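File shown: target23.pdb (PDB, C-alpha atoms and all ligand atoms).
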ATOM      1  CA  MET V   1    -182.109  61.454 263.272
ATOM      2  CA  HIS V   2    -181.934  57.962 264.786
ATOM      3  CA  LEU V   3    -181.146  56.378 268.156
ATOM      4  CA  GLN V   4    -177.406  56.496 267.580
ATOM      5  CA  SER V   5    -177.301  59.998 266.092
ATOM      6  CA  THR V   6    -174.629  62.233 267.546
ATOM      7  CA  LYS V   7    -173.913  65.881 268.061
ATOM      8  CA  ARG V   8    -170.492  67.150 266.987
ATOM      9  CA  LEU V   9    -169.007  68.952 269.956
ATOM     10  CA  GLU V  10    -166.713  71.986 269.856
ATOM     11  CA  ASN V  11    -163.599  69.746 269.785
ATOM     12  CA  GLY V  12    -164.958  67.452 267.050
ATOM     13  CA  VAL V  13    -165.965  64.568 269.327
ATOM     14  CA  GLU V  14    -169.328  63.032 268.411
ATOM     15  CA  MET V  15    -171.615  62.725 271.445
ATOM     16  CA  PRO V  16    -174.776  60.581 271.238
ATOM     17  CA  LEU V  17    -177.948  62.662 271.416
ATOM     18  CA  PHE V  18    -179.611  59.963 273.457
ATOM     19  CA  GLY V  19    -178.446  57.969 276.474
ATOM     20  CA  LEU V  20    -179.424  56.277 279.709
ATOM     21  CA  GLY V  21    -179.259  58.152 283.027
ATOM     22  CA  VAL V  22    -178.473  55.913 285.986
ATOM     23  CA  TYR V  23    -179.173  58.163 288.985
ATOM     24  CA  LYS V  24    -180.727  56.283 291.905
ATOM     25  CA  MET V  25    -179.849  52.917 290.429
ATOM     26  CA  THR V  26    -178.297  51.465 293.534
ATOM     27  CA  ASP V  27    -179.362  47.854 293.307
ATOM     28  CA  ARG V  28    -176.493  46.018 291.638
ATOM     29  CA  ASP V  29    -178.486  43.534 289.545
ATOM     30  CA  GLU V  30    -181.111  46.095 288.588
ATOM     31  CA  THR V  31    -178.420  48.526 287.412
ATOM     32  CA  ILE V  32    -176.571  45.932 285.380
ATOM     33  CA  SER V  33    -179.744  44.637 283.764
ATOM     34  CA  ALA V  34    -180.986  48.171 282.920
ATOM     35  CA  ILE V  35    -177.687  49.062 281.220
ATOM     36  CA  THR V  36    -177.516  45.699 279.471
ATOM     37  CA  LYS V  37    -181.056  46.177 278.171
ATOM     38  CA  ALA V  38    -180.317  49.736 277.030
ATOM     39  CA  LEU V  39    -177.221  48.642 275.097
ATOM     40  CA  GLN V  40    -179.224  45.827 273.476
ATOM     41  CA  VAL V  41    -181.912  48.305 272.410
ATOM     42  CA  GLY V  42    -179.189  50.477 270.850
ATOM     43  CA  TYR V  43    -178.407  53.133 273.469
ATOM     44  CA  ARG V  44    -174.784  54.216 273.140
ATOM     45  CA  ALA V  45    -174.375  56.630 276.070
ATOM     46  CA  ILE V  46    -174.487  56.111 279.842
ATOM     47  CA  ASP V  47    -174.627  59.004 282.299
ATOM     48  CA  THR V  48    -173.336  58.244 285.795
ATOM     49  CA  ALA V  49    -171.579  60.145 288.628
ATOM     50  CA  SER V  50    -169.469  59.250 291.637
ATOM     51  CA  LEU V  51    -172.511  60.333 293.704
ATOM     52  CA  TYR V  52    -174.625  57.563 292.186
ATOM     53  CA  PHE V  53    -172.402  54.830 293.680
ATOM     54  CA  ASN V  54    -172.795  52.640 290.612
ATOM     55  CA  GLU V  55    -169.659  53.297 288.557
ATOM     56  CA  ILE V  56    -168.493  49.725 289.235
ATOM     57  CA  GLU V  57    -171.744  48.342 287.807
ATOM     58  CA  VAL V  58    -171.610  50.716 284.829
ATOM     59  CA  GLY V  59    -168.113  49.465 283.977
ATOM     60  CA  GLU V  60    -169.106  45.855 284.452
ATOM     61  CA  ALA V  61    -172.249  46.064 282.314
ATOM     62  CA  ILE V  62    -170.293  47.729 279.513
ATOM     63  CA  ARG V  63    -167.446  45.182 279.654
ATOM     64  CA  HIS V  64    -169.883  42.280 279.574
ATOM     65  CA  SER V  65    -171.891  43.681 276.675
ATOM     66  CA  ASN V  66    -170.908  42.820 273.150
ATOM     67  CA  VAL V  67    -170.556  46.508 272.272
ATOM     68  CA  PRO V  68    -166.925  47.679 272.059
ATOM     69  CA  ARG V  69    -165.957  50.223 274.743
ATOM     70  CA  GLU V  70    -165.095  52.858 272.125
ATOM     71  CA  GLU V  71    -168.642  52.748 270.748
ATOM     72  CA  ILE V  72    -170.129  53.740 274.119
ATOM     73  CA  PHE V  73    -170.013  57.307 275.409
ATOM     74  CA  VAL V  74    -169.502  57.300 279.183
ATOM     75  CA  THR V  75    -170.085  60.380 281.314
ATOM     76  CA  THR V  76    -169.206  60.706 284.982
ATOM     77  CA  LYS V  77    -168.952  63.649 287.376
ATOM     78  CA  VAL V  78    -166.907  64.962 290.264
ATOM     79  CA  TRP V  79    -169.036  65.361 293.384
ATOM     80  CA  ASN V  80    -169.211  68.570 295.430
ATOM     81  CA  THR V  81    -167.182  67.398 298.413
ATOM     82  CA  ASP V  82    -164.337  66.332 296.075
ATOM     83  CA  GLN V  83    -163.890  69.683 294.363
ATOM     84  CA  GLY V  84    -160.822  71.908 294.050
ATOM     85  CA  TYR V  85    -157.817  71.189 291.780
ATOM     86  CA  ASP V  86    -156.006  68.353 293.564
ATOM     87  CA  ASN V  87    -159.144  66.740 294.951
ATOM     88  CA  THR V  88    -160.700  66.610 291.489
ATOM     89  CA  LEU V  89    -157.653  64.824 290.080
ATOM     90  CA  ARG V  90    -157.912  62.300 292.907
ATOM     91  CA  ALA V  91    -161.682  61.888 292.471
ATOM     92  CA  PHE V  92    -161.184  61.246 288.765
ATOM     93  CA  GLU V  93    -158.644  58.540 289.475
ATOM     94  CA  ALA V  94    -161.105  56.877 291.865
ATOM     95  CA  SER V  95    -163.898  57.012 289.271
ATOM     96  CA  LEU V  96    -161.658  55.592 286.557
ATOM     97  CA  LYS V  97    -160.672  52.751 288.858
ATOM     98  CA  LYS V  98    -164.278  51.929 289.709
ATOM     99  CA  LEU V  99    -165.300  52.051 286.068
ATOM    100  CA  ALA V 100    -162.188  49.970 285.296
ATOM    101  CA  MET V 101    -161.673  51.965 282.130
ATOM    102  CA  GLU V 102    -158.675  53.627 280.525
ATOM    103  CA  TYR V 103    -160.512  56.854 279.804
ATOM    104  CA  VAL V 104    -163.847  58.569 280.319
ATOM    105  CA  ASP V 105    -165.629  60.235 277.418
ATOM    106  CA  LEU V 106    -167.042  63.213 279.308
ATOM    107  CA  TYR V 107    -166.114  64.417 282.785
ATOM    108  CA  LEU V 108    -168.273  67.055 284.465
ATOM    109  CA  THR V 109    -168.176  69.286 287.509
ATOM    110  CA  HIS V 110    -171.418  68.071 289.136
ATOM    111  CA  TRP V 111    -172.393  71.441 290.682
ATOM    112  CA  PRO V 112    -170.606  74.820 290.719
ATOM    113  CA  VAL V 113    -169.359  74.781 294.314
ATOM    114  CA  ALA V 114    -168.662  78.409 295.255
ATOM    115  CA  ASP V 115    -164.943  79.287 295.371
ATOM    116  CA  LYS V 116    -164.030  75.867 293.966
ATOM    117  CA  PHE V 117    -165.707  75.310 290.629
ATOM    118  CA  VAL V 118    -163.140  77.235 288.586
ATOM    119  CA  ASP V 119    -160.250  75.202 290.059
ATOM    120  CA  THR V 120    -162.304  72.050 289.598
ATOM    121  CA  TYR V 121    -162.706  72.878 285.936
ATOM    122  CA  ARG V 122    -158.970  73.623 285.591
ATOM    123  CA  ALA V 123    -158.298  70.087 286.838
ATOM    124  CA  ILE V 124    -160.805  68.740 284.294
ATOM    125  CA  GLU V 125    -158.914  70.684 281.619
ATOM    126  CA  ARG V 126    -155.679  69.004 282.739
ATOM    127  CA  LEU V 127    -157.328  65.566 282.451
ATOM    128  CA  TYR V 128    -158.359  66.567 278.939
ATOM    129  CA  ASP V 129    -154.801  67.665 278.059
ATOM    130  CA  GLU V 130    -153.554  64.315 279.383
ATOM    131  CA  LYS V 131    -156.100  62.529 277.155
ATOM    132  CA  LEU V 132    -157.741  60.778 280.111
ATOM    133  CA  ILE V 133    -161.064  62.292 279.073
ATOM    134  CA  ARG V 134    -162.266  63.024 275.547
ATOM    135  CA  VAL V 135    -164.464  65.977 276.470
ATOM    136  CA  PRO V 136    -164.314  68.505 279.318
ATOM    137  CA  GLY V 137    -167.635  69.752 280.645
ATOM    138  CA  VAL V 138    -169.727  71.059 283.497
ATOM    139  CA  SER V 139    -173.156  70.551 285.004
ATOM    140  CA  ASN V 140    -175.620  72.901 286.670
ATOM    141  CA  HIS V 141    -173.666  75.965 285.580
ATOM    142  CA  HIS V 142    -175.548  79.212 284.991
ATOM    143  CA  SER V 143    -174.143  81.646 282.428
ATOM    144  CA  HIS V 144    -172.407  83.636 285.188
ATOM    145  CA  HIS V 145    -170.530  80.495 286.291
ATOM    146  CA  LEU V 146    -169.485  79.809 282.710
ATOM    147  CA  GLU V 147    -168.301  83.388 282.306
ATOM    148  CA  GLN V 148    -166.026  82.965 285.320
ATOM    149  CA  ILE V 149    -164.611  79.785 283.806
ATOM    150  CA  PHE V 150    -163.978  81.517 280.458
ATOM    151  CA  THR V 151    -161.639  83.986 282.161
ATOM    152  CA  LYS V 152    -159.395  81.175 283.466
ATOM    153  CA  ALA V 153    -159.709  78.269 281.030
ATOM    154  CA  ASN V 154    -157.783  77.600 277.831
ATOM    155  CA  THR V 155    -160.439  75.169 276.614
ATOM    156  CA  ALA V 156    -164.049  76.096 277.260
ATOM    157  CA  PRO V 157    -166.424  73.399 278.542
ATOM    158  CA  ALA V 158    -167.950  71.592 275.557
ATOM    159  CA  VAL V 159    -171.079  70.456 277.431
ATOM    160  CA  ASN V 160    -173.299  71.885 280.162
ATOM    161  CA  GLN V 161    -175.716  69.359 281.699
ATOM    162  CA  VAL V 162    -178.664  71.124 283.322
ATOM    163  CA  GLU V 163    -182.189  70.410 284.502
ATOM    164  CA  MET V 164    -184.521  70.892 281.571
ATOM    165  CA  HIS V 165    -188.057  69.769 280.668
ATOM    166  CA  PRO V 166    -191.206  71.547 279.420
ATOM    167  CA  TYR V 167    -191.765  73.201 282.823
ATOM    168  CA  LEU V 168    -188.165  74.532 282.824
ATOM    169  CA  SER V 169    -187.266  75.256 279.216
ATOM    170  CA  GLN V 170    -183.998  77.106 279.981
ATOM    171  CA  GLN V 171    -184.383  79.399 276.983
ATOM    172  CA  ASP V 172    -181.818  82.016 278.086
ATOM    173  CA  LEU V 173    -179.185  79.509 279.162
ATOM    174  CA  ARG V 174    -179.663  77.545 275.936
ATOM    175  CA  ALA V 175    -179.131  80.707 273.900
ATOM    176  CA  PHE V 176    -175.999  81.548 275.904
ATOM    177  CA  CYS V 177    -174.619  78.034 275.412
ATOM    178  CA  ALA V 178    -175.408  78.080 271.685
ATOM    179  CA  GLU V 179    -173.530  81.371 271.336
ATOM    180  CA  HIS V 180    -170.479  79.786 272.993
ATOM    181  CA  ASN V 181    -170.691  76.405 271.196
ATOM    182  CA  ILE V 182    -171.530  74.547 274.394
ATOM    183  CA  ALA V 183    -173.841  71.563 273.881
ATOM    184  CA  VAL V 184    -176.669  71.262 276.399
ATOM    185  CA  THR V 185    -177.711  67.978 277.980
ATOM    186  CA  ALA V 186    -181.072  67.863 279.777
ATOM    187  CA  TRP V 187    -181.077  66.102 283.125
ATOM    188  CA  SER V 188    -184.474  65.041 284.413
ATOM    189  CA  PRO V 189    -185.673  65.403 280.811
ATOM    190  CA  LEU V 190    -189.044  64.004 281.945
ATOM    191  CA  GLY V 191    -189.125  66.184 285.053
ATOM    192  CA  ARG V 192    -188.633  62.928 287.005
ATOM    193  CA  GLY V 193    -191.976  61.855 285.545
ATOM    194  CA  GLY V 194    -193.616  65.029 286.901
ATOM    195  CA  VAL V 195    -194.580  66.523 283.530
ATOM    196  CA  LEU V 196    -196.111  63.368 282.101
ATOM    197  CA  THR V 197    -199.597  63.945 283.511
ATOM    198  CA  ASP V 198    -199.804  67.413 281.970
ATOM    199  CA  ASP V 199    -203.046  67.738 279.918
ATOM    200  CA  THR V 200    -201.352  69.458 276.980
ATOM    201  CA  ILE V 201    -198.627  66.810 276.783
ATOM    202  CA  GLN V 202    -201.206  64.045 277.049
ATOM    203  CA  ALA V 203    -203.270  65.600 274.250
ATOM    204  CA  LEU V 204    -200.187  65.740 272.000
ATOM    205  CA  ALA V 205    -199.483  62.104 272.877
ATOM    206  CA  VAL V 206    -202.969  61.119 271.687
ATOM    207  CA  LYS V 207    -202.563  63.223 268.537
ATOM    208  CA  HIS V 208    -199.298  61.483 267.581
ATOM    209  CA  GLY V 209    -200.193  57.994 268.854
ATOM    210  CA  LYS V 210    -197.196  58.224 271.215
ATOM    211  CA  THR V 211    -196.765  58.293 275.007
ATOM    212  CA  PRO V 212    -196.277  61.525 276.979
ATOM    213  CA  ALA V 213    -192.643  60.533 277.668
ATOM    214  CA  GLN V 214    -192.002  60.112 273.945
ATOM    215  CA  ILE V 215    -193.529  63.532 273.193
ATOM    216  CA  VAL V 216    -191.325  65.231 275.787
ATOM    217  CA  LEU V 217    -188.130  63.471 274.693
ATOM    218  CA  ARG V 218    -188.831  64.343 271.064
ATOM    219  CA  TRP V 219    -189.340  68.005 272.045
ATOM    220  CA  HIS V 220    -185.837  68.033 273.559
ATOM    221  CA  LEU V 221    -184.257  66.465 270.490
ATOM    222  CA  GLN V 222    -185.971  68.892 268.112
ATOM    223  CA  HIS V 223    -184.461  71.696 270.201
ATOM    224  CA  GLY V 224    -181.009  70.124 269.656
ATOM    225  CA  ILE V 225    -180.772  69.018 273.282
ATOM    226  CA  ILE V 226    -179.056  65.786 274.374
ATOM    227  CA  VAL V 227    -181.282  63.591 276.576
ATOM    228  CA  ILE V 228    -180.490  60.953 279.216
ATOM    229  CA  PRO V 229    -183.854  59.656 280.504
ATOM    230  CA  LYS V 230    -183.655  57.205 283.376
ATOM    231  CA  SER V 231    -185.627  54.017 283.798
ATOM    232  CA  VAL V 232    -184.871  50.572 285.177
ATOM    233  CA  LYS V 233    -187.984  49.115 283.563
ATOM    234  CA  SER V 234    -187.299  47.184 280.422
ATOM    235  CA  HIS V 235    -190.449  48.330 278.593
ATOM    236  CA  ARG V 236    -189.738  51.992 279.404
ATOM    237  CA  ILE V 237    -186.115  51.704 278.299
ATOM    238  CA  GLU V 238    -187.540  50.583 274.945
ATOM    239  CA  GLU V 239    -190.366  53.123 274.909
ATOM    240  CA  ASN V 240    -188.068  56.074 275.595
ATOM    241  CA  ALA V 241    -185.907  55.152 272.611
ATOM    242  CA  GLN V 242    -188.824  54.947 270.166
ATOM    243  CA  ILE V 243    -188.881  58.614 269.301
ATOM    244  CA  PHE V 244    -187.265  58.597 265.888
ATOM    245  CA  ASP V 245    -190.305  57.613 263.828
ATOM    246  CA  PHE V 246    -192.383  60.776 264.211
ATOM    247  CA  GLU V 247    -191.975  64.536 264.247
ATOM    248  CA  LEU V 248    -193.550  67.338 266.245
ATOM    249  CA  SER V 249    -194.807  70.206 264.086
ATOM    250  CA  ALA V 250    -193.584  73.768 264.582
ATOM    251  CA  GLN V 251    -196.933  74.464 266.267
ATOM    252  CA  ASP V 252    -196.534  71.443 268.594
ATOM    253  CA  MET V 253    -193.099  72.753 269.574
ATOM    254  CA  LEU V 254    -194.529  76.194 270.376
ATOM    255  CA  THR V 255    -197.330  74.587 272.384
ATOM    256  CA  LEU V 256    -194.783  72.673 274.466
ATOM    257  CA  ASP V 257    -192.529  75.742 274.794
ATOM    258  CA  ALA V 258    -195.509  77.624 276.242
ATOM    259  CA  LEU V 259    -195.663  75.189 279.191
ATOM    260  CA  ASN V 260    -192.547  76.757 280.728
ATOM    261  CA  GLN V 261    -193.026  77.864 284.347
ATOM    262  CA  ASN V 262    -189.337  78.056 285.320
ATOM    263  CA  LYS V 263    -190.241  75.223 287.686
ATOM    264  CA  ARG V 264    -187.433  73.081 289.064
ATOM    265  CA  PHE V 265    -187.857  69.553 290.392
ATOM    266  CA  GLY V 266    -184.213  69.699 291.522
ATOM    267  CA  LYS V 267    -182.095  72.401 293.158
ATOM    268  CA  ASP V 268    -181.218  75.819 291.803
ATOM    269  CA  PRO V 269    -177.429  76.044 291.338
ATOM    270  CA  ASP V 270    -177.519  79.512 292.913
ATOM    271  CA  ASN V 271    -179.286  78.260 296.001
ATOM    272  CA  PHE V 272    -177.843  74.909 296.963
ATOM    273  CA  THR V 273    -176.037  73.485 299.982
ATOM    274  CA  PHE V 274    -173.031  72.041 298.257
ATOM    275  CA  ASP V 275    -171.815  69.774 301.023
ATOM    276  CA  ILE V 276    -174.569  67.196 300.572
TER     277      ILE V 276
HETATM  278  P1  LIG Q   1    -186.041  61.657 284.442
HETATM  279  O1  LIG Q   1    -186.664  62.920 283.997
HETATM  280  O2  LIG Q   1    -185.218  60.873 283.471
HETATM  281  O3  LIG Q   1    -187.205  60.762 285.028
HETATM  282  C1  LIG Q   1    -186.970  59.468 285.463
HETATM  283  C2  LIG Q   1    -188.242  58.913 286.074
HETATM  284  O4  LIG Q   1    -189.337  59.086 285.178
HETATM  285  C3  LIG Q   1    -188.109  57.403 286.287
HETATM  286  O5  LIG Q   1    -187.601  57.133 287.554
HETATM  287  C4  LIG Q   1    -189.516  56.924 286.101
HETATM  288  O6  LIG Q   1    -190.192  57.044 287.318
HETATM  289  C5  LIG Q   1    -190.085  57.909 285.115
HETATM  290  N1  LIG Q   1    -190.089  57.416 283.720
HETATM  291  C6  LIG Q   1    -189.029  57.146 282.920
HETATM  292  N2  LIG Q   1    -189.454  56.760 281.709
HETATM  293  C7  LIG Q   1    -190.798  56.785 281.746
HETATM  294  C8  LIG Q   1    -191.799  56.478 280.803
HETATM  295  N3  LIG Q   1    -191.513  56.109 279.568
HETATM  296  N4  LIG Q   1    -193.088  56.606 281.188
HETATM  297  C9  LIG Q   1    -193.420  57.006 282.443
HETATM  298  N5  LIG Q   1    -192.515  57.317 283.375
HETATM  299  C10 LIG Q   1    -191.212  57.207 283.028
HETATM  300  O7  LIG Q   1    -185.226  61.981 285.785
HETATM  301  P2  LIG Q   1    -183.786  61.766 286.394
HETATM  302  O8  LIG Q   1    -183.455  60.354 286.628
HETATM  303  O9  LIG Q   1    -183.734  62.693 287.540
HETATM  304  O10 LIG Q   1    -182.807  62.347 285.258
HETATM  305  C11 LIG Q   1    -182.232  61.537 284.248
HETATM  306  C12 LIG Q   1    -180.737  61.427 284.434
HETATM  307  O11 LIG Q   1    -180.138  62.724 284.497
HETATM  308  C13 LIG Q   1    -180.327  60.802 285.772
HETATM  309  O12 LIG Q   1    -180.516  59.408 285.808
HETATM  310  C14 LIG Q   1    -178.901  61.243 285.862
HETATM  311  O13 LIG Q   1    -178.080  60.447 285.024
HETATM  312  C15 LIG Q   1    -178.982  62.665 285.317
HETATM  313  N6  LIG Q   1    -179.120  63.689 286.409
HETATM  314  C16 LIG Q   1    -178.116  64.592 286.547
HETATM  315  C17 LIG Q   1    -178.198  65.564 287.528
HETATM  316  C18 LIG Q   1    -177.087  66.566 287.662
HETATM  317  O14 LIG Q   1    -177.071  67.288 288.666
HETATM  318  N7  LIG Q   1    -176.189  66.651 286.723
HETATM  319  C19 LIG Q   1    -179.301  65.609 288.396
HETATM  320  C20 LIG Q   1    -180.309  64.678 288.221
HETATM  321  C21 LIG Q   1    -180.220  63.723 287.211
END

Just dump the structure as structure tokens.
Ligand code: NAD
Amino acid sequence: MHLQSTKRLENGVEMPLFGLGVYKMTDRDETISAITKALQVGYRAIDTASLYFNEIEVGEAIRHSNVPREEIFVTTKVWNTDQGYDNTLRAFEASLKKLAMEYVDLYLTHWPVADKFVDTYRAIERLYDEKLIRVPGVSNHHSHHLEQIFTKANTAPAVNQVEMHPYLSQQDLRAFCAEHNIAVTAWSPLGRGGVLTDDTIQALAVKHGKTPAQIVLRWHLQHGIIVIPKSVKSHRIEENAQIFDFELSAQDMLTLDALNQNKRFGKDPDNFTFDI
């Protein structure tokens, strides 16, 4: 496994296991310099969303890098207030225009808005059939949401992006996704920084001569999970990528698994006001 390793998705597309999340990057120069730095370090995936209001900067940073577009895996998402079949098609067009790209690699339903998420996904399927996206996917979907989609879709989502970190290990959902060949991406893989002061994680960091963030990101990868840690700080963008030169033992993995508390730093998809 190395920084540019990929996971082969259900439809054969190779998705990088590691990428940069750009949530809350709203300052134009900061966003462009974080993405530029990440691409220089060797990151090959960028995770954005229309909600993040930085698709223009994502497109610009990629165009001005010396990495060809087709070597970078770009994810964006349709926001809650844009859901439903026709609205999703329109929202996608707006995202594509802001990114100034001809296609998006992965397009996700951001949250499963009640009564709309199935139609939203059907629109994503159409974009896939029209080859405007390479991979159809969803985010924040529980297994019961996915089951509803299965009854209507011809092509199942290939990716489900959900909150996951050692305090929310998502064991059941991961098993469900594995059974249905759906790759899992962890959002807030570091628990927004909230798991990094954990004593057990810090002790493992000392043991391996690594930082707590590196321990946590490695735990995800060894579980076969795709990670998209966010940082605008140059040294952290580098640090987060330096996780391919050590390995957690089976016992270390169990120790980290045991930290699960089903604790969310974000919202629960079953208990969320979707209009914000
Ligand atoms: P994260 O777990 O990646 O944590 C980011 C924060 O952790 C940073 O702001 C910084 O404060 C800290 N940090 C980062 N690297 C560190 C290091 N090496 N040492 C110490 N602290 C460090 O949280 P996130 O930004 O919420 O999630 C990552 C990405 O996931 C987002 O940028 C976004 O792309 C995606 N996301 C998706 C959803 C969704 O609903 N689909 C929701 C939230 C985030």

Next item on the list: Please evaluate the PyMOL selection byres (((chain V and resi 238) around 10) and not hetatm) against the structure above and give the resulting residues as a ChimeraX atom specification.
Entry: /V:37-38,40-43,231,233-237,239-243

Prev. selection, C-alpha atoms, output as a PDB file, keeping the file's coordinate frame:
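The resulting out-v2.pdb:
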ATOM      1  CA  LYS V  37    -181.056  46.177 278.171  1.00  0.00           C
ATOM      2  CA  ALA V  38    -180.317  49.736 277.030  1.00  0.00           C
ATOM      3  CA  GLN V  40    -179.224  45.827 273.476  1.00  0.00           C
ATOM      4  CA  VAL V  41    -181.912  48.305 272.410  1.00  0.00           C
ATOM      5  CA  GLY V  42    -179.189  50.477 270.850  1.00  0.00           C
ATOM      6  CA  TYR V  43    -178.407  53.133 273.469  1.00  0.00           C
ATOM      7  CA  SER V 231    -185.627  54.017 283.798  1.00  0.00           C
ATOM      8  CA  LYS V 233    -187.984  49.115 283.563  1.00  0.00           C
ATOM      9  CA  SER V 234    -187.299  47.184 280.422  1.00  0.00           C
ATOM     10  CA  HIS V 235    -190.449  48.330 278.593  1.00  0.00           C
ATOM     11  CA  ARG V 236    -189.738  51.992 279.404  1.00  0.00           C
ATOM     12  CA  ILE V 237    -186.115  51.704 278.299  1.00  0.00           C
ATOM     13  CA  GLU V 239    -190.366  53.123 274.909  1.00  0.00           C
ATOM     14  CA  ASN V 240    -188.068  56.074 275.595  1.00  0.00           C
ATOM     15  CA  ALA V 241    -185.907  55.152 272.611  1.00  0.00           C
ATOM     16  CA  GLN V 242    -188.824  54.947 270.166  1.00  0.00           C
ATOM     17  CA  ILE V 243    -188.881  58.614 269.301  1.00  0.00           C
TER      18      ILE V 243
END

Check: What residues come out when you apply the PyMOL selection byres (((chain V and resi 96-100) around 6) and not hetatm) to this file, written as an MDAnalysis selection string?
Finding: chainID V and resid 55:56 59 93:95 101

Note to self: For a quick check of understanding, using only C-alpha atoms and all ligand atoms, which of V:Val22, V:Val206, V:Val104, V:Ala158 has the smallest distance to ligand LIG 1 (chain Q)?
What the structure shows: V:Val22

Next item on the list: List all protein, DNA and RNA residues that have any atom at most 7 Å from ligand LIG 1 (chain Q), counting only C-alpha atoms and all ligand atoms, and write the list as an MDAnalysis selection string.
Entry: chainID V and resid 20:24 47:48 110:111 139:140 161:163 187:193 196 213:214 228:231 236:237 239:240

Checklist line | CA of Leu204 (chain V) to CA of Gly266 (chain V), distance in Å rounded to a single decimal | finding: 25.5 Å

Margin query: Can you tell me which residues surround Ser169 (chain V) at a distance of at most 12 Å, considering only C-alpha atoms, apart from same-chain residues fewer than 4 positions away, and format the answer as a ChimeraX atom specification?
Written below: /V:162-165,173-175,184,186-191,216,219-220,223,225,253-254,256-264

Residues of the last selection are to be written out with C-alpha atoms, as a compact mmCIF listing (two decimals), keeping the file's coordinate frame.
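Output file again-v5.txt follows:
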# COMPACT_ATOMS: atom_id res chain seq x y z
CA VAL V 162 -178.66 71.12 283.32
CA GLU V 163 -182.19 70.41 284.50
CA MET V 164 -184.52 70.89 281.57
CA HIS V 165 -188.06 69.77 280.67
CA LEU V 173 -179.18 79.51 279.16
CA ARG V 174 -179.66 77.54 275.94
CA ALA V 175 -179.13 80.71 273.90
CA VAL V 184 -176.67 71.26 276.40
CA ALA V 186 -181.07 67.86 279.78
CA TRP V 187 -181.08 66.10 283.12
CA SER V 188 -184.47 65.04 284.41
CA PRO V 189 -185.67 65.40 280.81
CA LEU V 190 -189.04 64.00 281.94
CA GLY V 191 -189.12 66.18 285.05
CA VAL V 216 -191.32 65.23 275.79
CA TRP V 219 -189.34 68.00 272.04
CA HIS V 220 -185.84 68.03 273.56
CA HIS V 223 -184.46 71.70 270.20
CA ILE V 225 -180.77 69.02 273.28
CA MET V 253 -193.10 72.75 269.57
CA LEU V 254 -194.53 76.19 270.38
CA LEU V 256 -194.78 72.67 274.47
CA ASP V 257 -192.53 75.74 274.79
CA ALA V 258 -195.51 77.62 276.24
CA LEU V 259 -195.66 75.19 279.19
CA ASN V 260 -192.55 76.76 280.73
CA GLN V 261 -193.03 77.86 284.35
CA ASN V 262 -189.34 78.06 285.32
CA LYS V 263 -190.24 75.22 287.69
CA ARG V 264 -187.43 73.08 289.06

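With all atoms listed in the file as the atoms that count, the residue of V:Thr88, V:Thr75, V:Gln171, V:Ser143 with the shortest distance to Tyr103 (chain V) is V:Thr75.
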
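Put simply, the PyMOL selection byres (((chain V and resi 71) around 12) and not hetatm) on this file hits Gln4, Thr6, Glu14, Met15, Pro16, Leu39, Gly42, Tyr43, Arg44, Ala45, Ile46, Ile62, Arg63, Ser65, Asn66, Val67, Pro68, Arg69, Glu70, Ile72, Phe73, Val74 and Asp105 of chain V.
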